[in-house]
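J.: My questions will all concern the structure given below.
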Amino acid sequence: MIRRARERQPSPLPPGRVLALPGQPRRGRPFRVLILGGARSGKSFTAERLLAHRDRVEYVACGPLPSPGDPDWAERVRLHQGRRPAHWTTLETLDLESVLAGRAPAGFLVAGPDSAAADRSPGDVASPESDARGGLGTPVLVDCLSTWLAGVMDECGLWTGGPDADKNLAERVDGLVDAWRATRRQVVAVSNEVGSGVIPATASGIRFRDELGVLNARIAAECEQVWLCVAGIARRLR
Amino acid sequence: MIRRARERQPSPLPPGRVLALPGQPRRGRPFRVLILGGARSGKSFTAERLLAHRDRVEYVACGPLPSPGDPDWAERVRLHQGRRPAHWTTLETLDLESVLAGRAPAGFLVAGPDSAAADRSPGDVASPESDARGGLGTPVLVDCLSTWLAGVMDECGLWTGGPDADKNLAERVDGLVDAWRATRRQVVAVSNEVGSGVIPATASGIRFRDELGVLNARIAAECEQVWLCVAGIARRLR
Amino acid sequence: MIRRARERQPSPLPPGRVLALPGQPRRGRPFRVLILGGARSGKSFTAERLLAHRDRVEYVACGPLPSPGDPDWAERVRLHQGRRPAHWTTLETLDLESVLAGRAPAGFLVAGPDSAAADRSPGDVASPESDARGGLGTPVLVDCLSTWLAGVMDECGLWTGGPDADKNLAERVDGLVDAWRATRRQVVAVSNEVGSGVIPATASGIRFRDELGVLNARIAAECEQVWLCVAGIARRLR
């Protein structure tokens with residue numbers, strides 16, 4: 001029943017129109033962009049427009065993979081995929097540290113213009129040697145830090161009370177922030193603003209809100225640009 | 001017990017002060033404004049200030065009508081009414097398509113300066129022929145799209161699982177967006193920002209958040225001006 | 001389990017860096033600043049940076065005192081304290097009216113650079129006669145209006161249905177707004193944005209959201225500056 005709402009994405013600009021990056025990346029310099037916003041505020045669309053003029057883009061989906069058990073999520077993922085240009089490469093992984101370092105990430109799938117997923121080895125994707133236009137020179141779109149955090153909190157056993165859950169989570173988050181700080185790739189990351197409602201009803205909701213708020217601020221502190229989306233309109237915060 | 005809070009509205013400006021529209025509407029051109037903000041952020045007040053200098057205003061309330069069963073809501077509606085100038089006309093309807101097209105809306109009530117509700121026929125209100133200052137030339141204030149959406153979702157049977165609920169809702173929303181795009185009236189609409197908290201606890205909460213987020217973005221994409229209110233302060237997004 | 005997240009605060013600027021106030025306070029003129037933002041958006045940090053260059057600061061904590069029954073809250077308070085310079089004075093009180101008027105507040109504790117809490121009488125702290133650098137000339141940081149409101153709603157019996165709860169709350173809120181309007185002190189107050197999620201699940205959540213939204217707007221209307229924080233980035237609203 002909730003599928004229909006997902007078919008209409010915010011589309012504040014005519015299709016194909018590019019949102020120019022004010023301030024162009026320079027070769028060899030980091031160029032890191034964070035796109036923030038509430039649910040359905042046009043974050044992903046804004047991120048895609050920022051990179052619409054690029055020859056190649058590596059799209060990194062951090063959400064759970066489509067599964068037969070969740071047709072709505074699968075449908076949404078399919079629609080997002082359909083919106084992306086055919087020449088983009090899609091990775092599905094939580095291993096953002098490797099992506100940012102230009103290494104082959106663990107446990108990913110690839111869908112791209114010039115190969116079937118099964119035909120590629122991980123090293124083909126992210127290695128700068130493997131492709132003149134790929135590797136470090138290919139911009140990355142990370143969509144999104146919120147689903148990355150949710151997935152990592154799950155992996156670390158936060159909800160099942162694993163013995164080292166807090167410690168493991170802190171290491172993963174610190175690792176991401178370090179990799180973001182050190183990356184030489186051009187990267188645009190999307191993340192959710194979740195802290196402007198009343199106190200969440202559950203302890204896990206409070207924890208997620210707090211972790212994501214701190215993560216967003218830590219990432220934002222290491223960005224060349226930060227944008228906030230409201231009703232499909234992107235405004236620059238930095 | 002919750003009535004008292006509702007008696008004090010945000011009042012960041014001295015009463016009667018007008019918020020000038022930067023960019024004046026031109027005759028025959030559309031002039032559509034969206035005022036966004038969280039709960040109690042001063043959205044309605046801002047919309048009223050935008051139109052405070054106009055001779056006539058058609059105020060369209062999309063909320064449920066006051067009923068004996070909900071004294072708090074009735075009280076709030078009464079206070080909102082008391083804040084509006086006596087020369088404004090009030091319509092209470094979900095039929096925004098007709099309002100935007102300048103037709104008489106279905107199922108409405110009228111309270112205005114020059115007649116009792118019972119004395120008027122629908123055609124008196126919105127027909128451009130019926131009144132030199134009324135009709136298409138009279139600006140409209142829609143308060144608000146959030147209550148409109150909630151009412152329409154209810155009418156379409158979203159919460160009771162009606163067989164064509166999703167399809168009917170999509171048609172109503174598409175119809176509103178089309179009417180907004182086509183309108184020749186000057187219109188200021190208020191809507192809520194509801195997507196910046198954690199994931200809602202209920203499926204209906206998630207659905208409403210998603211539908212409203214997409215609706216806000218679709219409407220915003222067809223506006224001459226978009227404003228965001230925070231703590232009674234309105235800032236222009238576009 | 002939720003302690004670890006609280007140890008990493010947003011730190012978008014190098015430590016010690018000062019956020020210059022655009023527009024300096026003038027002697028004898030009010031200088032009132034409101035810092036708004038969602039949870040973990042860097043509000044407290046921003047407020048502290050605004051006053052980082054001052055010789056003395058009176059820090060007013062409105063939250064509940066640390067207690068053995070809530071180690072997480074106690075830990076968070078301890079971390080906040082550790083972040084503040086050693087030469088700041090800390091008051092813990094809900095009596096903001098006295099603080100703003102330069103009177104000794106009721107029921108407070110003091111932790112400061114030049115005395116132990118037990119050695120001081122209330123009059124030592126806020127009386128302008130007692131200290132050439134203290135009193136009215138010492139800037140105040142109020143952290144935060146949200147916890148002040150929650151505490152006052154509790155004191156007024158809002159949740160237990162006291163007979164005059166609504167009336168008492170209205171008087172306390174009006175008293176704070178009056179004191180804020182009249183103060184001759186330089187004051188920076190922090191408050192939460194809580195109105196941009198879906199409708200809260202409980203009546204008390206709705207009431208708190210509405211009261212805080214109106215309070216924020218009333219305070220903002222009487223400020224020389226208002227800032228909004230998102231992901232550790234402060235933007236000026238007024």
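By order in the structure tokens, chains are A, B, ...; within a chain, residues start at 1; ligands start at 1, following the order shown.
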Check the DSSP output for the backbone and give back, as a PDB file with N, CA and C atoms, in the first residue's frame, the residues of stretch 118-208 of chain B in helix (DSSP H, G or I).
T.:
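The result, stored in selection.pdb:
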ATOM      1  N   ALA B 118     -25.203  31.630   5.131  1.00  0.00           N
ATOM      2  CA  ALA B 118     -26.424  31.032   4.593  1.00  0.00           C
ATOM      3  C   ALA B 118     -27.000  31.843   3.438  1.00  0.00           C
ATOM      4  N   ASP B 119     -26.613  33.113   3.364  1.00  0.00           N
ATOM      5  CA  ASP B 119     -27.191  33.965   2.326  1.00  0.00           C
ATOM      6  C   ASP B 119     -26.483  33.839   0.984  1.00  0.00           C
ATOM      7  N   PRO B 122     -22.725  29.219  -3.612  1.00  0.00           N
ATOM      8  CA  PRO B 122     -21.318  28.991  -3.922  1.00  0.00           C
ATOM      9  C   PRO B 122     -20.790  29.900  -5.025  1.00  0.00           C
ATOM     10  N   GLY B 123     -21.574  30.099  -6.041  1.00  0.00           N
ATOM     11  CA  GLY B 123     -21.103  30.889  -7.174  1.00  0.00           C
ATOM     12  C   GLY B 123     -20.754  32.322  -6.821  1.00  0.00           C
ATOM     13  N   ASP B 124     -21.293  32.816  -5.738  1.00  0.00           N
ATOM     14  CA  ASP B 124     -20.995  34.193  -5.351  1.00  0.00           C
ATOM     15  C   ASP B 124     -19.537  34.385  -4.976  1.00  0.00           C
ATOM     16  N   VAL B 125     -18.970  33.333  -4.494  1.00  0.00           N
ATOM     17  CA  VAL B 125     -17.671  33.518  -3.861  1.00  0.00           C
ATOM     18  C   VAL B 125     -16.527  33.581  -4.851  1.00  0.00           C
ATOM     19  N   ALA B 126     -16.480  32.592  -5.690  1.00  0.00           N
ATOM     20  CA  ALA B 126     -15.249  32.440  -6.454  1.00  0.00           C
ATOM     21  C   ALA B 126     -15.385  32.848  -7.916  1.00  0.00           C
ATOM     22  N   GLY B 135     -13.144  36.916  -6.870  1.00  0.00           N
ATOM     23  CA  GLY B 135     -12.819  35.995  -7.947  1.00  0.00           C
ATOM     24  C   GLY B 135     -11.336  35.880  -8.189  1.00  0.00           C
ATOM     25  N   LEU B 136     -10.941  35.783  -9.445  1.00  0.00           N
ATOM     26  CA  LEU B 136      -9.541  35.532  -9.780  1.00  0.00           C
ATOM     27  C   LEU B 136      -8.613  36.608  -9.243  1.00  0.00           C
ATOM     28  N   GLY B 137      -9.118  37.820  -9.102  1.00  0.00           N
ATOM     29  CA  GLY B 137      -8.275  38.898  -8.615  1.00  0.00           C
ATOM     30  C   GLY B 137      -8.039  38.886  -7.116  1.00  0.00           C
ATOM     31  N   LEU B 145      -1.608  22.770   3.502  1.00  0.00           N
ATOM     32  CA  LEU B 145      -1.511  21.568   2.675  1.00  0.00           C
ATOM     33  C   LEU B 145      -1.416  20.294   3.518  1.00  0.00           C
ATOM     34  N   SER B 146      -0.891  20.406   4.740  1.00  0.00           N
ATOM     35  CA  SER B 146      -0.768  19.226   5.601  1.00  0.00           C
ATOM     36  C   SER B 146      -2.142  18.725   6.010  1.00  0.00           C
ATOM     37  N   THR B 147      -3.002  19.644   6.428  1.00  0.00           N
ATOM     38  CA  THR B 147      -4.342  19.194   6.824  1.00  0.00           C
ATOM     39  C   THR B 147      -5.148  18.788   5.593  1.00  0.00           C
ATOM     40  N   TRP B 148      -4.896  19.453   4.463  1.00  0.00           N
ATOM     41  CA  TRP B 148      -5.537  19.007   3.217  1.00  0.00           C
ATOM     42  C   TRP B 148      -5.157  17.557   2.936  1.00  0.00           C
ATOM     43  N   LEU B 149      -3.856  17.239   2.998  1.00  0.00           N
ATOM     44  CA  LEU B 149      -3.407  15.885   2.684  1.00  0.00           C
ATOM     45  C   LEU B 149      -3.988  14.881   3.673  1.00  0.00           C
ATOM     46  N   ALA B 150      -3.981  15.226   4.953  1.00  0.00           N
ATOM     47  CA  ALA B 150      -4.528  14.308   5.959  1.00  0.00           C
ATOM     48  C   ALA B 150      -6.009  14.045   5.677  1.00  0.00           C
ATOM     49  N   GLY B 151      -6.747  15.101   5.337  1.00  0.00           N
ATOM     50  CA  GLY B 151      -8.167  14.931   5.050  1.00  0.00           C
ATOM     51  C   GLY B 151      -8.402  14.096   3.798  1.00  0.00           C
ATOM     52  N   VAL B 152      -7.593  14.342   2.773  1.00  0.00           N
ATOM     53  CA  VAL B 152      -7.759  13.605   1.520  1.00  0.00           C
ATOM     54  C   VAL B 152      -7.358  12.137   1.694  1.00  0.00           C
ATOM     55  N   MET B 153      -6.297  11.891   2.459  1.00  0.00           N
ATOM     56  CA  MET B 153      -5.917  10.495   2.712  1.00  0.00           C
ATOM     57  C   MET B 153      -7.051   9.779   3.441  1.00  0.00           C
ATOM     58  N   ASP B 154      -7.692  10.492   4.344  1.00  0.00           N
ATOM     59  CA  ASP B 154      -8.834   9.928   5.062  1.00  0.00           C
ATOM     60  C   ASP B 154      -9.987   9.660   4.094  1.00  0.00           C
ATOM     61  N   GLU B 155     -10.321  10.642   3.286  1.00  0.00           N
ATOM     62  CA  GLU B 155     -11.411  10.488   2.315  1.00  0.00           C
ATOM     63  C   GLU B 155     -11.165   9.342   1.343  1.00  0.00           C
ATOM     64  N   ALA B 165      -7.636   2.847  -2.725  1.00  0.00           N
ATOM     65  CA  ALA B 165      -7.181   3.963  -1.909  1.00  0.00           C
ATOM     66  C   ALA B 165      -5.931   4.626  -2.503  1.00  0.00           C
ATOM     67  N   ASP B 166      -4.938   3.827  -2.840  1.00  0.00           N
ATOM     68  CA  ASP B 166      -3.689   4.386  -3.360  1.00  0.00           C
ATOM     69  C   ASP B 166      -3.919   5.131  -4.672  1.00  0.00           C
ATOM     70  N   LYS B 167      -4.696   4.506  -5.539  1.00  0.00           N
ATOM     71  CA  LYS B 167      -4.971   5.106  -6.847  1.00  0.00           C
ATOM     72  C   LYS B 167      -5.738   6.421  -6.686  1.00  0.00           C
ATOM     73  N   ASN B 168      -6.725   6.412  -5.807  1.00  0.00           N
ATOM     74  CA  ASN B 168      -7.515   7.626  -5.602  1.00  0.00           C
ATOM     75  C   ASN B 168      -6.667   8.749  -5.009  1.00  0.00           C
ATOM     76  N   LEU B 169      -5.823   8.374  -4.068  1.00  0.00           N
ATOM     77  CA  LEU B 169      -4.959   9.396  -3.462  1.00  0.00           C
ATOM     78  C   LEU B 169      -4.027   9.998  -4.516  1.00  0.00           C
ATOM     79  N   ALA B 170      -3.428   9.129  -5.317  1.00  0.00           N
ATOM     80  CA  ALA B 170      -2.508   9.625  -6.350  1.00  0.00           C
ATOM     81  C   ALA B 170      -3.225  10.591  -7.294  1.00  0.00           C
ATOM     82  N   GLU B 171      -4.474  10.279  -7.623  1.00  0.00           N
ATOM     83  CA  GLU B 171      -5.231  11.161  -8.521  1.00  0.00           C
ATOM     84  C   GLU B 171      -5.524  12.508  -7.864  1.00  0.00           C
ATOM     85  N   ARG B 172      -5.891  12.466  -6.574  1.00  0.00           N
ATOM     86  CA  ARG B 172      -6.170  13.720  -5.882  1.00  0.00           C
ATOM     87  C   ARG B 172      -4.917  14.595  -5.788  1.00  0.00           C
ATOM     88  N   VAL B 173      -3.782  13.958  -5.472  1.00  0.00           N
ATOM     89  CA  VAL B 173      -2.539  14.721  -5.350  1.00  0.00           C
ATOM     90  C   VAL B 173      -2.110  15.265  -6.711  1.00  0.00           C
ATOM     91  N   ASP B 174      -2.170  14.418  -7.725  1.00  0.00           N
ATOM     92  CA  ASP B 174      -1.839  14.892  -9.077  1.00  0.00           C
ATOM     93  C   ASP B 174      -2.762  16.038  -9.480  1.00  0.00           C
ATOM     94  N   GLY B 175      -4.040  15.914  -9.136  1.00  0.00           N
ATOM     95  CA  GLY B 175      -4.999  16.967  -9.466  1.00  0.00           C
ATOM     96  C   GLY B 175      -4.651  18.284  -8.798  1.00  0.00           C
ATOM     97  N   LEU B 176      -4.225  18.216  -7.541  1.00  0.00           N
ATOM     98  CA  LEU B 176      -3.836  19.449  -6.849  1.00  0.00           C
ATOM     99  C   LEU B 176      -2.601  20.071  -7.496  1.00  0.00           C
ATOM    100  N   VAL B 177      -1.611  19.226  -7.791  1.00  0.00           N
ATOM    101  CA  VAL B 177      -0.382  19.756  -8.391  1.00  0.00           C
ATOM    102  C   VAL B 177      -0.688  20.376  -9.755  1.00  0.00           C
ATOM    103  N   ASP B 178      -1.537  19.716 -10.527  1.00  0.00           N
ATOM    104  CA  ASP B 178      -1.917  20.278 -11.837  1.00  0.00           C
ATOM    105  C   ASP B 178      -2.629  21.620 -11.669  1.00  0.00           C
ATOM    106  N   ALA B 179      -3.547  21.685 -10.715  1.00  0.00           N
ATOM    107  CA  ALA B 179      -4.291  22.929 -10.502  1.00  0.00           C
ATOM    108  C   ALA B 179      -3.369  24.042 -10.015  1.00  0.00           C
ATOM    109  N   TRP B 180      -2.400  23.678  -9.173  1.00  0.00           N
ATOM    110  CA  TRP B 180      -1.417  24.652  -8.686  1.00  0.00           C
ATOM    111  C   TRP B 180      -0.575  25.176  -9.849  1.00  0.00           C
ATOM    112  N   ARG B 181      -0.198  24.258 -10.740  1.00  0.00           N
ATOM    113  CA  ARG B 181       0.625  24.646 -11.878  1.00  0.00           C
ATOM    114  C   ARG B 181      -0.147  25.589 -12.814  1.00  0.00           C
ATOM    115  N   ALA B 182      -1.439  25.342 -12.939  1.00  0.00           N
ATOM    116  CA  ALA B 182      -2.233  26.072 -13.931  1.00  0.00           C
ATOM    117  C   ALA B 182      -2.888  27.336 -13.393  1.00  0.00           C
ATOM    118  N   ALA B 203       3.243   2.785  10.505  1.00  0.00           N
ATOM    119  CA  ALA B 203       3.241   2.771   9.035  1.00  0.00           C
ATOM    120  C   ALA B 203       2.468   3.970   8.502  1.00  0.00           C
ATOM    121  N   SER B 204       1.396   4.363   9.189  1.00  0.00           N
ATOM    122  CA  SER B 204       0.630   5.515   8.705  1.00  0.00           C
ATOM    123  C   SER B 204       1.436   6.796   8.870  1.00  0.00           C
ATOM    124  N   GLY B 205       2.226   6.871   9.936  1.00  0.00           N
ATOM    125  CA  GLY B 205       3.088   8.039  10.119  1.00  0.00           C
ATOM    126  C   GLY B 205       4.135   8.137   9.020  1.00  0.00           C
ATOM    127  N   ILE B 206       4.729   7.000   8.668  1.00  0.00           N
ATOM    128  CA  ILE B 206       5.733   6.989   7.600  1.00  0.00           C
ATOM    129  C   ILE B 206       5.086   7.385   6.276  1.00  0.00           C
ATOM    130  N   ARG B 207       3.901   6.832   6.012  1.00  0.00           N
ATOM    131  CA  ARG B 207       3.214   7.129   4.763  1.00  0.00           C
ATOM    132  C   ARG B 207       2.881   8.619   4.651  1.00  0.00           C
ATOM    133  N   PHE B 208       2.359   9.176   5.743  1.00  0.00           N
ATOM    134  CA  PHE B 208       1.995  10.599   5.722  1.00  0.00           C
ATOM    135  C   PHE B 208       3.240  11.472   5.530  1.00  0.00           C
TER     136      PHE B 208
END
J.: I need the residue nearest chain C from this list: B:Ile35, B:Val188, B:Cys156, B:Cys229. Use only C-alpha atoms for the distance.
T.: B:Cys229
J.: If the cut-off is 8 Å, can you tell me the residues of chain B near chain A, counting only C-alpha atoms? I'd like them as a ChimeraX atom specification.
T.: /B:166-167,170,195-199,207,209-211,213-218,220-222,237-238
J.: Quick one: distance from atom CA of C:Thr93 to atom CA of C:Gly63 in Å, one decimal?
T.: 8.0 Å
J.: Using Å and a single decimal, report how far atom CA of B:Val57 sits from atom CA of B:Leu91.
T.: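 Atom-to-atom, atom CA of B:Leu91 and atom CA of B:Val57 are spaced 10.6 Å apart.
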